[in-house]
file upload_33.cif (mmCIF, C-alpha atoms)
data_structure
#
loop_
_atom_site.label_atom_id
_atom_site.label_comp_id
_atom_site.auth_asym_id
_atom_site.auth_seq_id
_atom_site.Cartn_x
_atom_site.Cartn_y
_atom_site.Cartn_z
CA MET A 1 3.68 1.67 -48.51
CA SER A 2 2.08 2.85 -45.27
CA LYS A 3 3.51 5.92 -43.58
CA ILE A 4 3.62 5.46 -39.79
CA LEU A 5 4.60 7.93 -37.08
CA MET A 6 6.02 6.30 -33.95
CA VAL A 7 5.71 8.70 -31.02
CA ILE A 8 8.23 7.94 -28.28
CA SER A 9 8.50 9.50 -24.83
CA GLY A 10 11.36 11.94 -24.40
CA ALA A 11 11.34 11.62 -20.59
CA ASN A 12 14.19 10.05 -18.65
CA SER A 13 12.70 10.24 -15.16
CA LEU A 14 9.35 9.95 -13.42
CA LYS A 15 8.32 11.60 -10.15
CA MET A 16 6.92 8.93 -7.86
CA ALA A 17 4.04 9.12 -5.40
CA ASP A 18 6.46 9.47 -2.49
CA GLY A 19 8.24 12.39 -4.18
CA SER A 20 11.30 10.42 -5.23
CA THR A 21 12.59 10.37 -8.80
CA HIS A 22 12.69 7.13 -10.75
CA PRO A 23 14.93 6.80 -13.85
CA THR A 24 12.84 5.73 -16.83
CA GLY A 25 12.40 6.13 -20.57
CA TYR A 26 10.94 4.00 -23.36
CA TRP A 27 10.75 0.21 -23.07
CA ALA A 28 13.25 -1.40 -25.45
CA GLU A 29 11.07 -4.28 -26.64
CA GLU A 30 8.11 -2.04 -27.38
CA VAL A 31 10.13 0.19 -29.69
CA ALA A 32 12.47 -2.44 -31.16
CA ALA A 33 9.98 -5.28 -31.75
CA SER A 34 7.26 -2.92 -32.97
CA HIS A 35 9.57 -1.06 -35.33
CA GLU A 36 11.02 -4.32 -36.64
CA VAL A 37 7.60 -5.74 -37.52
CA LEU A 38 6.35 -2.52 -39.07
CA ALA A 39 9.49 -1.95 -41.14
CA ALA A 40 9.77 -5.61 -42.23
CA GLU A 41 6.32 -5.40 -43.78
CA GLY A 42 7.19 -2.31 -45.77
CA GLY A 43 6.09 0.36 -43.32
CA ASP A 44 7.85 3.71 -43.65
CA VAL A 45 8.33 4.63 -39.99
CA ASP A 46 9.22 8.12 -38.75
CA LEU A 47 10.10 8.73 -35.09
CA ALA A 48 8.96 11.74 -33.08
CA THR A 49 9.36 12.95 -29.50
CA PRO A 50 8.31 16.07 -27.58
CA GLY A 51 10.70 18.80 -28.68
CA GLY A 52 12.58 16.41 -30.94
CA VAL A 53 14.76 15.27 -28.02
CA ARG A 54 16.69 12.04 -28.27
CA PRO A 55 14.69 9.42 -26.33
CA THR A 56 16.21 7.45 -23.47
CA VAL A 57 15.86 3.69 -23.22
CA ASP A 58 14.83 2.44 -19.77
CA VAL A 59 17.84 0.47 -18.53
CA LEU A 60 15.53 -2.05 -16.85
CA SER A 61 14.14 -2.99 -20.26
CA LEU A 62 17.56 -4.37 -21.17
CA ASP A 63 18.15 -6.14 -17.89
CA GLU A 64 16.97 -9.20 -16.00
CA ARG A 65 15.70 -6.80 -13.31
CA GLY A 66 13.04 -5.84 -15.84
CA GLY A 67 12.20 -9.46 -16.58
CA VAL A 68 14.23 -9.42 -19.80
CA SER A 69 16.56 -12.33 -20.56
CA ASP A 70 20.15 -11.73 -21.66
CA GLU A 71 19.32 -13.16 -25.08
CA ASP A 72 16.34 -10.85 -25.58
CA ALA A 73 18.25 -7.86 -24.24
CA GLN A 74 21.03 -8.46 -26.76
CA ARG A 75 18.50 -8.76 -29.58
CA PHE A 76 16.67 -5.56 -28.63
CA ARG A 77 19.92 -3.67 -28.11
CA GLY A 78 21.17 -4.81 -31.49
CA TYR A 79 18.02 -3.64 -33.24
CA LEU A 80 18.08 -0.27 -31.47
CA ASP A 81 21.72 0.14 -32.47
CA GLY A 82 20.61 -0.44 -36.05
CA ILE A 83 18.20 2.51 -35.92
CA ALA A 84 20.43 4.65 -33.70
CA ASP A 85 20.67 7.40 -36.31
CA ARG A 86 16.90 7.77 -36.35
CA LEU A 87 16.66 7.68 -32.57
CA ALA A 88 19.33 10.37 -32.39
CA ALA A 89 17.34 12.81 -34.53
CA PRO A 90 13.59 12.31 -34.11
CA LEU A 91 11.03 14.75 -35.42
CA ALA A 92 9.52 17.24 -32.98
CA LEU A 93 5.86 16.52 -32.24
CA ALA A 94 5.03 20.18 -32.80
CA ASP A 95 6.19 19.88 -36.41
CA VAL A 96 4.19 16.82 -37.49
CA ARG A 97 0.65 16.56 -38.84
CA ALA A 98 -1.62 13.55 -38.94
CA ALA A 99 -2.42 14.25 -42.60
CA ASP A 100 1.10 13.09 -43.50
CA TYR A 101 0.64 9.64 -41.95
CA ASP A 102 -1.58 6.58 -42.22
CA ALA A 103 -1.13 5.63 -38.56
CA ILE A 104 0.14 6.94 -35.23
CA TYR A 105 1.93 4.34 -33.06
CA ILE A 106 2.78 5.01 -29.38
CA PRO A 107 4.98 2.49 -27.51
CA GLY A 108 5.36 2.62 -23.77
CA GLY A 109 7.71 2.26 -20.88
CA HIS A 110 6.95 4.47 -17.87
CA GLY A 111 8.27 7.49 -19.79
CA PRO A 112 4.88 8.45 -21.34
CA MET A 113 3.49 8.96 -17.83
CA ALA A 114 5.98 11.81 -17.38
CA ASP A 115 5.48 13.69 -20.64
CA LEU A 116 3.05 12.27 -23.19
CA VAL A 117 -0.06 12.05 -21.01
CA ASP A 118 -0.46 15.83 -21.07
CA ASP A 119 1.47 16.84 -24.18
CA ASP A 120 -0.56 19.42 -26.12
CA ASP A 121 1.14 18.64 -29.43
CA LEU A 122 0.34 14.95 -29.09
CA GLY A 123 -3.23 15.78 -28.11
CA ARG A 124 -3.60 17.91 -31.23
CA LEU A 125 -2.05 15.17 -33.38
CA LEU A 126 -4.36 12.49 -31.98
CA ASN A 127 -7.43 14.66 -32.49
CA GLU A 128 -6.36 15.25 -36.08
CA ALA A 129 -5.89 11.52 -36.58
CA VAL A 130 -9.33 10.72 -35.20
CA ALA A 131 -11.00 13.41 -37.30
CA GLN A 132 -9.26 12.09 -40.42
CA GLY A 133 -10.06 8.44 -39.69
CA LYS A 134 -6.41 7.45 -39.30
CA ILE A 135 -5.29 4.37 -37.37
CA VAL A 136 -4.21 5.14 -33.78
CA VAL A 137 -2.14 2.51 -31.98
CA ALA A 138 -0.88 2.58 -28.40
CA LEU A 139 0.97 0.00 -26.34
CA CYS A 140 1.37 -0.67 -22.62
CA HIS A 141 1.94 2.61 -20.69
CA GLY A 142 1.83 4.30 -24.08
CA VAL A 143 -1.94 3.87 -23.94
CA GLY A 144 -1.86 6.48 -21.19
CA ALA A 145 -0.64 8.96 -23.80
CA LEU A 146 -4.16 8.90 -25.27
CA LEU A 147 -5.13 11.00 -22.23
CA SER A 148 -3.50 13.98 -23.94
CA ALA A 149 -6.41 14.21 -26.37
CA SER A 150 -9.52 16.15 -25.29
CA THR A 151 -12.68 17.25 -27.06
CA PRO A 152 -13.57 20.97 -27.33
CA ASP A 153 -15.89 20.66 -24.32
CA GLY A 154 -13.17 19.10 -22.16
CA GLY A 155 -14.18 15.49 -22.58
CA PHE A 156 -11.85 12.63 -23.43
CA THR A 157 -11.44 12.02 -27.17
CA PHE A 158 -11.34 8.26 -26.61
CA ALA A 159 -14.22 8.03 -24.12
CA ASP A 160 -16.51 5.05 -24.72
CA ARG A 161 -13.81 3.27 -26.75
CA GLU A 162 -12.78 -0.23 -25.70
CA LEU A 163 -9.09 -0.62 -25.04
CA THR A 164 -6.47 -2.37 -22.97
CA ALA A 165 -3.40 -1.00 -21.20
CA PHE A 166 -0.74 -1.99 -18.68
CA SER A 167 -2.98 -3.19 -15.89
CA ASP A 168 -2.98 -2.35 -12.20
CA GLU A 169 -2.25 -6.02 -11.47
CA GLU A 170 0.80 -5.93 -13.73
CA GLU A 171 1.93 -2.72 -12.05
CA ARG A 172 1.73 -4.51 -8.69
CA GLN A 173 3.46 -7.66 -9.91
CA GLY A 174 6.30 -6.22 -11.95
CA GLY A 175 5.91 -2.49 -12.39
CA LEU A 176 6.35 0.29 -9.86
CA GLY A 177 3.69 -0.95 -7.48
CA ASP A 178 1.87 1.35 -5.10
CA ASN A 179 4.48 4.07 -5.58
CA ILE A 180 3.27 4.74 -9.12
CA PRO A 181 2.22 8.40 -9.47
CA PHE A 182 -1.13 7.36 -10.94
CA SER A 183 -2.84 4.29 -12.33
CA VAL A 184 -2.95 4.31 -16.13
CA GLU A 185 -5.79 1.80 -16.08
CA GLY A 186 -7.66 3.80 -13.44
CA ARG A 187 -7.25 7.19 -15.08
CA LEU A 188 -8.41 5.87 -18.45
CA ARG A 189 -11.52 4.48 -16.75
CA GLU A 190 -12.12 7.79 -14.98
CA ARG A 191 -12.02 9.57 -18.33
CA GLY A 192 -14.64 7.24 -19.75
CA ALA A 193 -12.69 4.59 -21.65
CA ARG A 194 -13.84 0.97 -21.46
CA VAL A 195 -10.67 -0.74 -20.24
CA THR A 196 -10.58 -4.51 -20.70
CA PRO A 197 -7.25 -5.93 -19.53
CA GLY A 198 -6.30 -9.52 -20.28
CA ALA A 199 -4.47 -11.84 -17.92
CA PRO A 200 -1.27 -10.34 -16.50
CA TRP A 201 1.65 -10.59 -18.95
CA SER A 202 -0.51 -12.12 -21.68
CA SER A 203 -0.28 -10.94 -25.27
CA THR A 204 -3.53 -8.99 -25.41
CA VAL A 205 -4.56 -6.65 -28.22
CA ILE A 206 -7.93 -4.93 -28.64
CA GLN A 207 -9.16 -3.20 -31.75
CA ASP A 208 -12.10 -0.80 -31.58
CA ALA A 209 -12.61 0.55 -35.10
CA THR A 210 -9.51 2.67 -35.85
CA LEU A 211 -8.11 2.39 -32.28
CA ILE A 212 -5.72 -0.47 -31.54
CA THR A 213 -4.21 -1.02 -28.09
CA GLY A 214 -1.78 -3.58 -26.68
CA GLN A 215 -1.48 -4.38 -23.00
CA ASN A 216 2.22 -4.88 -22.23
CA PRO A 217 5.66 -5.59 -23.72
CA GLN A 218 4.56 -9.15 -24.47
CA SER A 219 1.93 -7.66 -26.81
CA SER A 220 4.42 -5.68 -28.92
CA VAL A 221 4.61 -7.98 -31.94
CA ALA A 222 0.88 -8.75 -31.96
CA THR A 223 0.04 -5.05 -31.69
CA ALA A 224 2.28 -4.13 -34.62
CA ARG A 225 0.83 -6.95 -36.70
CA LYS A 226 -2.70 -5.85 -35.89
CA ALA A 227 -1.79 -2.33 -36.98
CA LEU A 228 -0.46 -3.63 -40.29
CA ALA A 229 -3.59 -5.70 -40.84
CA ALA A 230 -5.78 -2.65 -40.19
CA LEU A 231 -3.74 -0.61 -42.65
CA ALA A 232 -3.91 -3.32 -45.29
CA ALA A 233 -7.69 -3.52 -44.92
CA ARG A 234 -8.19 0.16 -45.75
#
call {"tool": "encode", "arguments": {"input": "upload_33.cif", "output": "structure tokens"}}
result
Amino acid sequence: MSKILMVISGANSLKMADGSTHPTGYWAEEVAASHEVLAAEGGDVDLATPGGVRPTVDVLSLDERGGVSDEDAQRFRGYLDGIADRLAAPLALADVRAADYDAIYIPGGHGPMADLVDDDDLGRLLNEAVAQGKIVVALCHGVGALLSASTPDGGFTFADRELTAFSDEEERQGGLGDNIPFSVEGRLRERGARVTPGAPWSSTVIQDATLITGQNPQSSVATARKALAALAAR
């Protein structure tokens, strides 16, 4: 059985480019669908957040305003209710070590832009995972959380790696648009990653050795399955 650590944002708001505050959190599908696939295939999944805080689901991810049908919203809500006890008491990132896990899995929502992108504990955990050859998986805006990991000389741990992430075009079409505090795609490029987005809203997953990234909520299931396949191949 593979031991997997799912790192979820603990943020419930994001400061926008115009100075306003936008309610946010984790995206329901990315946690629910990913967790469901991983657990169904025998994965032992622990949850962790910065400080061990209870994570907040983004209300738009359970609403037609977020492009989510009533049927899907009910399904995601039902699954999250089923793991409510785990969501209520996640591990604190400061207390976990990569050596205890086979993979690190980071779902998105806009929440990671508020806390995970510069979280020192996550950066340390990701650097441990890379050094130990563990599988690192990130999804949608969760790919931005990779920015927390730096090399001793100040470089980006994942520079020169090919990946995908929630694209600028998707941000314009259905995200927060030009009011986003920064472009996840753009900042990853600036730090030296090779970002290769697929068509907007397509299920797109890229694997570069032990790094697996998914582009958007539509990629949740495929990303989790790719992670399982990588674990099974080890």
call {"tool": "closest_residue", "arguments": {"input": "upload_33.cif", "among": "A:Asp208, A:Asp63, A:Asp85, A:Asp44", "to": "Glu162 of chain A", "atoms": "all atoms listed in the file"}}
result
A:Asp208
call {"tool": "closest_residue", "arguments": {"input": "upload_33.cif", "among": "A:Glu170, A:Glu71, A:Glu36, A:Glu190", "to": "Ile83 of chain A", "atoms": "all atoms listed in the file"}}
result
A:Glu36
call {"tool": "resolve_selection", "arguments": {"input": "upload_33.cif", "expression": "the PyMOL selection byres ((chain A and resi 234) around 12)", "output": "ChimeraX atom specification"}}
result
/A:2,102-103,133-135,209-210,227-233
call {"tool": "closest_residue", "arguments": {"input": "upload_33.cif", "among": "A:Gly108, A:Gly144, A:Gly19, A:Gly123", "to": "Glu185 of chain A", "atoms": "all atoms listed in the file"}}
result
A:Gly144
call {"tool": "residues_around", "arguments": {"input": "upload_33.cif", "residues": "Pro23 of chain A", "least_positions_apart": "5", "cutoff": "9 Å", "atoms": "all atoms listed in the file", "output": "PyMOL selection string"}}
result
chain A and resi 12-15+58-59+111
call {"tool": "closest_residue", "arguments": {"input": "upload_33.cif", "among": "A:Asn127, A:Leu139, A:Tyr79, A:Leu163", "to": "Ala222 of chain A", "atoms": "all atoms listed in the file"}}
result
A:Leu139
call {"tool": "atom_distance", "arguments": {"input": "upload_33.cif", "atom1": "atom CA of Ala84 of chain A", "atom2": "atom CA of Arg225 of chain A"}}
result
23.0 Å
